[in-house]
>>> print(open('work_14.csv').read())   # CSV, C-alpha atoms
chain,number,residue,atom,x,y,z
A,1,MET,CA,36.4,-70.7,61.0
A,2,SER,CA,37.4,-67.7,58.9
A,3,ARG,CA,40.2,-68.1,56.4
A,4,GLN,CA,40.9,-64.4,56.8
A,5,THR,CA,41.3,-64.8,60.6
A,6,ALA,CA,43.7,-67.7,60.0
A,7,LEU,CA,45.8,-65.5,57.9
A,8,GLU,CA,45.7,-62.6,60.4
A,9,LEU,CA,46.7,-64.8,63.3
A,10,SER,CA,49.6,-66.2,61.3
A,11,LEU,CA,50.9,-62.7,60.8
A,12,VAL,CA,50.2,-61.8,64.4
A,13,ALA,CA,52.3,-64.7,65.5
A,14,ASP,CA,55.2,-63.6,63.4
A,15,ALA,CA,55.0,-60.1,65.0
A,16,LEU,CA,54.7,-61.5,68.5
A,17,SER,CA,57.9,-63.5,67.8
A,18,LEU,CA,59.9,-60.4,66.8
A,19,GLY,CA,61.2,-59.6,70.3
A,20,PRO,CA,62.7,-63.0,71.2
A,21,HIS,CA,63.5,-64.1,67.7
A,22,TRP,CA,66.8,-65.8,67.2
A,23,ILE,CA,67.7,-65.7,70.9
A,24,TYR,CA,68.7,-69.2,72.0
A,25,GLN,CA,69.8,-68.7,75.6
A,26,ALA,CA,67.0,-69.7,78.0
A,27,GLU,CA,68.4,-67.7,80.8
A,28,ARG,CA,68.5,-64.5,78.7
A,29,LEU,CA,64.9,-65.0,77.5
A,30,SER,CA,63.7,-65.6,81.1
A,31,SER,CA,65.5,-62.4,82.2
A,32,LEU,CA,64.0,-60.4,79.3
A,33,TYR,CA,60.4,-61.7,79.8
A,34,PRO,CA,60.0,-62.6,83.5
A,35,GLU,CA,56.2,-62.0,83.2
A,36,GLY,CA,55.8,-63.7,79.8
A,37,LEU,CA,54.9,-62.1,76.5
A,38,PRO,CA,51.5,-60.5,76.6
A,39,THR,CA,52.0,-58.3,73.6
A,40,PHE,CA,54.4,-57.2,70.9
A,41,ASP,CA,58.0,-56.2,71.6
A,42,ALA,CA,60.9,-54.6,69.8
A,43,PRO,CA,63.7,-57.0,68.7
A,44,ARG,CA,66.0,-57.9,71.5
A,45,SER,CA,68.7,-59.2,69.2
A,46,HIS,CA,70.7,-57.5,66.4
A,47,TYR,CA,69.0,-59.4,63.6
A,48,HIS,CA,66.2,-57.0,62.8
A,49,PRO,CA,67.6,-53.4,62.5
A,50,GLY,CA,65.1,-50.7,62.4
A,51,LYS,CA,62.2,-52.9,63.5
A,52,THR,CA,59.9,-51.8,66.3
A,53,ALA,CA,57.2,-53.4,68.4
A,54,GLY,CA,54.4,-54.7,66.2
A,55,ASP,CA,56.5,-55.0,63.1
A,56,PHE,CA,57.0,-58.3,61.3
A,57,THR,CA,60.2,-60.2,61.1
A,58,HIS,CA,61.6,-60.6,57.5
A,59,TYR,CA,59.5,-63.8,57.3
A,60,GLY,CA,56.3,-61.8,58.0
A,61,ASP,CA,57.4,-59.2,55.5
A,62,GLN,CA,57.5,-61.9,52.8
A,63,ALA,CA,54.2,-63.3,53.7
A,64,LEU,CA,52.8,-59.8,53.4
A,65,LEU,CA,54.4,-59.5,50.0
A,66,LEU,CA,52.7,-62.7,48.9
A,67,LEU,CA,49.4,-61.3,50.1
A,68,GLN,CA,50.0,-58.0,48.2
A,69,SER,CA,50.8,-60.0,45.0
A,70,LEU,CA,47.6,-61.9,45.3
A,71,ALA,CA,45.6,-58.7,45.8
A,72,GLN,CA,47.3,-57.0,42.9
A,73,LYS,CA,46.7,-59.8,40.5
A,74,GLY,CA,43.5,-61.2,41.9
A,75,SER,CA,45.0,-64.6,41.6
A,76,TRP,CA,48.1,-66.6,42.2
A,77,ASP,CA,50.9,-65.7,39.8
A,78,LEU,CA,54.5,-66.6,40.5
A,79,GLY,CA,55.9,-63.8,38.3
A,80,THR,CA,53.9,-61.1,40.2
A,81,PHE,CA,55.1,-62.5,43.6
A,82,ARG,CA,58.7,-62.6,42.4
A,83,GLU,CA,58.5,-59.0,41.2
A,84,GLN,CA,57.0,-57.9,44.5
A,85,TRP,CA,59.6,-59.8,46.4
A,86,SER,CA,62.7,-58.6,44.4
A,87,THR,CA,61.4,-55.0,44.5
A,88,PHE,CA,61.1,-55.1,48.2
A,89,TRP,CA,64.6,-56.3,48.7
A,90,ARG,CA,66.1,-53.7,46.5
A,91,ASP,CA,65.5,-51.0,49.1
A,92,SER,CA,64.6,-52.8,52.3
A,93,GLN,CA,66.9,-52.8,55.4
A,94,ALA,CA,65.2,-55.9,56.7
A,95,TYR,CA,67.6,-58.8,57.6
A,96,ARG,CA,68.7,-60.9,54.7
A,97,ASP,CA,69.0,-64.5,55.6
A,98,GLY,CA,70.9,-67.0,53.5
A,99,ALA,CA,68.0,-68.0,51.4
A,100,THR,CA,67.2,-64.4,50.6
A,101,THR,CA,70.8,-63.6,49.8
A,102,ASP,CA,71.3,-66.6,47.5
A,103,THR,CA,68.0,-66.1,45.7
A,104,LEU,CA,68.9,-62.4,45.0
A,105,LYS,CA,72.2,-63.5,43.6
A,106,ASN,CA,70.5,-66.0,41.3
A,107,LEU,CA,68.1,-63.3,40.1
A,108,GLU,CA,70.9,-60.9,39.5
A,109,ALA,CA,72.5,-63.6,37.3
A,110,GLY,CA,69.3,-64.1,35.4
A,111,GLN,CA,68.5,-67.4,37.1
A,112,LEU,CA,64.9,-67.9,38.3
A,113,THR,CA,66.1,-70.5,40.8
A,114,GLY,CA,65.6,-70.4,44.6
A,115,SER,CA,68.3,-71.2,47.2
A,116,SER,CA,69.3,-74.6,48.5
A,117,SER,CA,68.1,-73.7,52.0
A,118,ARG,CA,66.3,-76.4,54.0
A,119,ASP,CA,64.9,-73.9,56.5
A,120,LEU,CA,61.2,-74.0,57.4
A,121,ALA,CA,60.7,-70.3,56.4
A,122,GLY,CA,59.8,-70.9,52.8
A,123,ALA,CA,57.0,-73.2,53.7
A,124,ALA,CA,55.9,-71.0,56.6
A,125,ARG,CA,54.6,-68.0,54.6
A,126,ILE,CA,51.7,-69.9,53.0
A,127,ALA,CA,48.8,-68.3,54.9
A,128,PRO,CA,47.9,-65.7,52.1
A,129,LEU,CA,47.2,-68.6,49.8
A,130,ILE,CA,44.6,-70.0,52.2
A,131,VAL,CA,42.5,-66.8,51.8
A,132,LEU,CA,42.6,-66.6,48.0
A,133,PRO,CA,39.1,-67.4,46.8
A,134,GLY,CA,38.3,-69.8,43.9
A,135,LEU,CA,41.1,-72.2,44.4
A,136,SER,CA,40.8,-75.9,44.7
A,137,LEU,CA,42.9,-77.7,47.4
A,138,GLU,CA,45.2,-79.0,44.7
A,139,ASP,CA,45.6,-75.4,43.3
A,140,ARG,CA,46.5,-74.2,46.8
A,141,VAL,CA,49.0,-77.0,47.1
A,142,GLN,CA,50.7,-76.2,43.8
A,143,ALA,CA,50.8,-72.5,44.6
A,144,ALA,CA,52.3,-73.2,48.0
A,145,ARG,CA,55.0,-75.3,46.5
A,146,ALA,CA,55.8,-72.8,43.8
A,147,GLN,CA,56.1,-69.8,46.1
A,148,CYS,CA,58.3,-71.9,48.4
A,149,ALA,CA,60.6,-73.0,45.5
A,150,MET,CA,61.1,-69.4,44.5
A,151,THR,CA,63.4,-68.9,47.6
A,152,HIS,CA,63.8,-72.4,49.1
A,153,ASN,CA,64.1,-74.8,46.2
A,154,GLN,CA,64.6,-78.0,48.1
A,155,ALA,CA,62.2,-81.0,48.0
A,156,PRO,CA,61.7,-81.4,51.7
A,157,VAL,CA,60.7,-77.8,52.2
A,158,LEU,CA,58.2,-78.0,49.3
A,159,ASP,CA,56.7,-81.1,50.8
A,160,ALA,CA,56.4,-79.3,54.1
A,161,ALA,CA,54.5,-76.4,52.5
A,162,GLU,CA,52.1,-79.0,50.9
A,163,PHE,CA,51.7,-80.8,54.3
A,164,PHE,CA,50.6,-77.6,56.1
A,165,VAL,CA,48.2,-76.5,53.3
A,166,ARG,CA,46.5,-79.9,53.5
A,167,ALA,CA,46.4,-79.8,57.3
A,168,THR,CA,45.0,-76.3,57.4
A,169,GLU,CA,42.3,-77.2,54.9
A,170,ALA,CA,41.3,-80.2,57.1
A,171,ILE,CA,41.1,-78.0,60.2
A,172,LEU,CA,38.9,-75.5,58.3
A,173,ALA,CA,36.7,-78.5,57.5
A,174,GLY,CA,36.3,-79.3,61.2
A,175,ASP,CA,39.2,-81.7,62.0
A,176,ASP,CA,41.1,-81.4,65.3
A,177,PHE,CA,44.9,-81.0,64.9
A,178,ARG,CA,45.8,-84.7,65.3
A,179,SER,CA,43.2,-85.7,62.7
A,180,ALA,CA,44.2,-83.0,60.4
A,181,PHE,CA,47.9,-84.0,60.5
A,182,GLN,CA,46.8,-87.6,59.9
A,183,THR,CA,44.7,-86.4,56.9
A,184,ALA,CA,47.7,-84.5,55.5
A,185,HIS,CA,49.9,-87.5,56.1
A,186,ARG,CA,47.8,-89.7,53.7
A,187,ILE,CA,49.7,-88.1,50.8
A,188,ASP,CA,53.1,-89.5,49.9
A,189,TYR,CA,55.9,-87.0,50.5
A,190,PRO,CA,59.0,-88.6,49.0
A,191,ALA,CA,61.4,-86.1,50.6
A,192,LEU,CA,59.7,-85.7,54.0
A,193,PRO,CA,60.4,-88.2,56.8
A,194,LEU,CA,56.9,-87.7,58.2
A,195,ALA,CA,56.8,-90.9,60.3
A,196,GLU,CA,60.1,-90.1,61.9
A,197,TRP,CA,59.3,-86.5,62.6
A,198,THR,CA,55.8,-87.2,63.9
A,199,ALA,CA,57.3,-89.8,66.3
A,200,LYS,CA,59.8,-87.1,67.5
A,201,ALA,CA,57.0,-84.7,68.1
A,202,GLU,CA,54.9,-87.4,70.0
A,203,SER,CA,58.0,-88.2,72.2
A,204,VAL,CA,58.0,-84.8,73.9
A,205,LEU,CA,54.3,-84.2,74.4
A,206,ALA,CA,54.5,-84.8,78.2
A,207,LEU,CA,57.2,-82.2,78.6
A,208,PRO,CA,56.5,-78.5,79.4
A,209,PRO,CA,56.2,-76.7,76.0
A,210,GLN,CA,59.5,-74.7,76.1
A,211,GLU,CA,61.4,-77.8,77.3
A,212,ALA,CA,59.8,-79.8,74.5
A,213,LEU,CA,60.8,-77.3,71.9
A,214,ARG,CA,64.3,-77.2,73.2
A,215,GLN,CA,64.6,-80.9,73.1
A,216,LEU,CA,63.5,-81.0,69.5
A,217,GLY,CA,65.7,-78.1,68.5
A,218,LEU,CA,65.1,-74.4,68.0
A,219,ALA,CA,67.1,-73.9,64.8
A,220,CYS,CA,65.7,-72.8,61.4
A,221,SER,CA,66.3,-76.2,59.8
A,222,LEU,CA,63.3,-78.2,58.8
A,223,SER,CA,64.5,-81.2,60.8
A,224,ASP,CA,64.2,-79.1,64.0
A,225,ALA,CA,61.3,-76.8,63.2
A,226,PHE,CA,58.8,-79.2,61.5
A,227,PRO,CA,58.5,-81.6,64.5
A,228,ALA,CA,58.5,-78.6,66.8
A,229,VAL,CA,55.5,-77.1,65.1
A,230,LEU,CA,53.6,-80.5,65.4
A,231,ALA,CA,54.5,-80.9,69.0
A,232,ILE,CA,53.5,-77.5,70.4
A,233,ALA,CA,50.4,-77.4,68.2
A,234,LEU,CA,49.3,-80.8,69.7
A,235,GLN,CA,50.2,-79.7,73.2
A,236,LEU,CA,48.4,-76.4,73.2
A,237,GLU,CA,45.7,-76.8,70.6
A,238,GLU,CA,43.0,-75.5,72.9
A,239,ARG,CA,45.0,-72.6,74.3
A,240,PRO,CA,45.9,-70.4,71.4
A,241,GLN,CA,47.4,-67.5,73.4
A,242,GLU,CA,49.6,-69.7,75.4
A,243,CYS,CA,50.7,-71.6,72.3
A,244,LEU,CA,51.9,-68.5,70.5
A,245,ALA,CA,53.4,-67.0,73.6
A,246,GLN,CA,55.2,-70.2,74.6
A,247,ASN,CA,56.5,-70.6,71.1
A,248,ALA,CA,57.8,-67.1,71.0
A,249,LEU,CA,59.4,-67.3,74.4
A,250,ALA,CA,61.3,-70.5,73.5
A,251,GLY,CA,63.3,-68.3,71.1
A,252,GLY,CA,65.3,-69.6,68.2
A,253,ASP,CA,63.5,-69.5,64.9
A,254,SER,CA,60.2,-68.8,66.7
A,255,ALA,CA,58.9,-66.6,63.8
A,256,ALA,CA,58.8,-69.4,61.2
A,257,ARG,CA,57.2,-71.8,63.7
A,258,GLY,CA,54.8,-69.0,64.7
A,259,LEU,CA,53.6,-68.3,61.2
A,260,LEU,CA,52.4,-71.9,60.9
A,261,LEU,CA,51.1,-72.2,64.5
A,262,GLY,CA,49.0,-69.0,64.0
A,263,LEU,CA,47.6,-70.3,60.7
A,264,LEU,CA,46.6,-73.6,62.4
A,265,LEU,CA,45.1,-72.0,65.5
A,266,GLY,CA,43.3,-69.3,63.5
A,267,ALA,CA,41.8,-72.0,61.3
A,268,LYS,CA,40.4,-73.8,64.3
A,269,HIS,CA,39.5,-71.0,66.8
A,270,GLY,CA,39.2,-67.8,64.8
A,271,GLU,CA,39.8,-64.8,67.1
A,272,THR,CA,38.7,-66.8,70.2
A,273,GLY,CA,41.3,-67.5,72.8
A,274,VAL,CA,43.7,-64.6,72.0
A,275,PRO,CA,43.7,-61.0,73.0
A,276,SER,CA,41.5,-59.0,70.6
A,277,HIS,CA,44.1,-56.1,70.6
A,278,TRP,CA,46.6,-58.5,68.9
A,279,PHE,CA,44.5,-58.1,65.7
A,280,GLU,CA,44.6,-54.3,65.9
A,281,ASP,CA,48.0,-53.4,67.3
A,282,TYR,CA,50.5,-55.0,64.9
A,283,THR,CA,52.0,-52.4,62.5
A,284,ALA,CA,50.5,-53.7,59.2
A,285,ALA,CA,47.0,-54.4,60.5
A,286,ALA,CA,45.3,-51.7,58.4
A,287,GLU,CA,47.2,-52.8,55.3
A,288,VAL,CA,46.3,-56.4,55.8
A,289,LYS,CA,42.6,-55.6,56.2
A,290,ARG,CA,42.8,-53.4,53.1
A,291,LEU,CA,44.3,-56.2,51.0
A,292,LEU,CA,41.8,-58.7,52.4
A,293,SER,CA,39.0,-56.5,51.3
A,294,LEU,CA,40.4,-56.4,47.7
A,295,LEU,CA,40.4,-60.2,47.7
A,296,SER,CA,36.9,-60.6,49.2
A,297,PRO,CA,34.9,-57.5,48.2
A,298,ALA,CA,31.6,-56.9,50.0
>>> encode(input="work_14.csv", output="structure tokens")
Amino acid sequence: MSRQTALELSLVADALSLGPHWIYQAERLSSLYPEGLPTFDAPRSHYHPGKTAGDFTHYGDQALLLLQSLAQKGSWDLGTFREQWSTFWRDSQAYRDGATTDTLKNLEAGQLTGSSSRDLAGAARIAPLIVLPGLSLEDRVQAARAQCAMTHNQAPVLDAAEFFVRATEAILAGDDFRSAFQTAHRIDYPALPLAEWTAKAESVLALPPQEALRQLGLACSLSDAFPAVLAIALQLEERPQECLAQNALAGGDSAARGLLLGLLLGAKHGETGVPSHWFEDYTAAAEVKRLLSLLSPA
């Protein structure tokens, strides 16, 4: 399938998660979305001031910055991404999470060191690196780890970024999700308890998706979010729209999970299985297509 579509569905999934993002009460989510989540919604929490339906969360914003840095340079360059990232936060009113706040403080002090956050978010914004032409798998892995360390400088999060790059490449080569996860698992990840977290994901596969996610945990931390991505991906591999909607409607840190789920699903299915208008109606659609054209000129 198309690498570009994998990127776009990753970003779409973030925008789809904006409405329910960081709401943890199941009853409130059911009340807000009694008919499900067929399209984009404005944020229903206080975390994303100024955002409207179709916008990205602050995670999607950073994935777009990574794509912009690749298009500007024509290649991966950490300095270009760091400059794009820090310039954005100078003026943006987007929500500043702990990793962002601490990284900005480090930069202001002249330290090029990311935060100590163990949230999934740093590993979740890797999709732009999948579309960059001319990179070997190992080049993509190293770039994914470096962009992650810029804001989330913790070994488990870096390992997670590598795992999902390797899994995505295996899916693009034709693997199903289970085989792709097994392929990615062949690498030694010293800081990632992959066997334990895979077993956790497997233990909830018989449950309804939202119940499975709640049992695993909806928080931002890698220990919750990593097995949650594996579980819902395996449950709903053949139903992309349902997968992304169920993920969003579960609440919590749905956007970080969504960025990776969209990447995996787009790598396997392309635009098949999701509403076509999703690829047109999110706010940054035209900008994303323009940037992609710069990376892959006709």
>>> atom_distance(input="work_14.csv", atom1="atom CA of A:Ala173", atom2="atom CA of A:Leu263")
14.0 Å
>>> closest_residue(input="work_14.csv", among="A:Leu222, A:Leu70, A:Cys148, A:Ala250", to="A:Pro193", atoms="all atoms listed in the file")
A:Leu222
>>> residues_near_point(input="work_14.csv", point="(52.1, -57.1, 58.5)", cutoff="6 Å", atoms="all atoms listed in the file", output="PyMOL selection string")
chain A and resi 56+64+284
>>> closest_residue(input="work_14.csv", among="A:Pro190, A:Gly270, A:Pro208, A:Pro20", to="A:Pro240", atoms="all atoms listed in the file")
A:Gly270
>>> residues_around(input="work_14.csv", residues="A:Ser117", least_positions_apart="3", cutoff="7 Å", atoms="all atoms listed in the file", output="ChimeraX atom specification")
/A:99,152,154
>>> closest_residue(input="work_14.csv", among="A:Arg96, A:His277, A:Arg290, A:Lys51", to="A:Val12", atoms="all atoms listed in the file")
A:His277
>>> residues_around(input="work_14.csv", residues="A:Gly60", least_positions_apart="4", cutoff="8 Å", atoms="all atoms listed in the file", output="NGL selection string")
:A and (11 or 14-15 or 56 or 64 or 125 or 255 or 259)
>>> closest_residue(input="work_14.csv", among="A:Gly251, A:Gly134, A:Pro227, A:Pro275", to="A:Glu27", atoms="all atoms listed in the file")
A:Gly251
>>> closest_residue(input="work_14.csv", among="A:Phe163, A:Val288, A:His185, A:Phe177", to="A:Gln235", atoms="all atoms listed in the file")
A:Phe177
>>> atom_distance(input="work_14.csv", atom1="atom CA of A:Ala191", atom2="atom CA of A:Leu137")
20.6 Å
>>> closest_residue(input="work_14.csv", among="A:Thr168, A:Gln25, A:Ser31, A:Gln68", to="A:Ser293", atoms="all atoms listed in the file")
A:Gln68
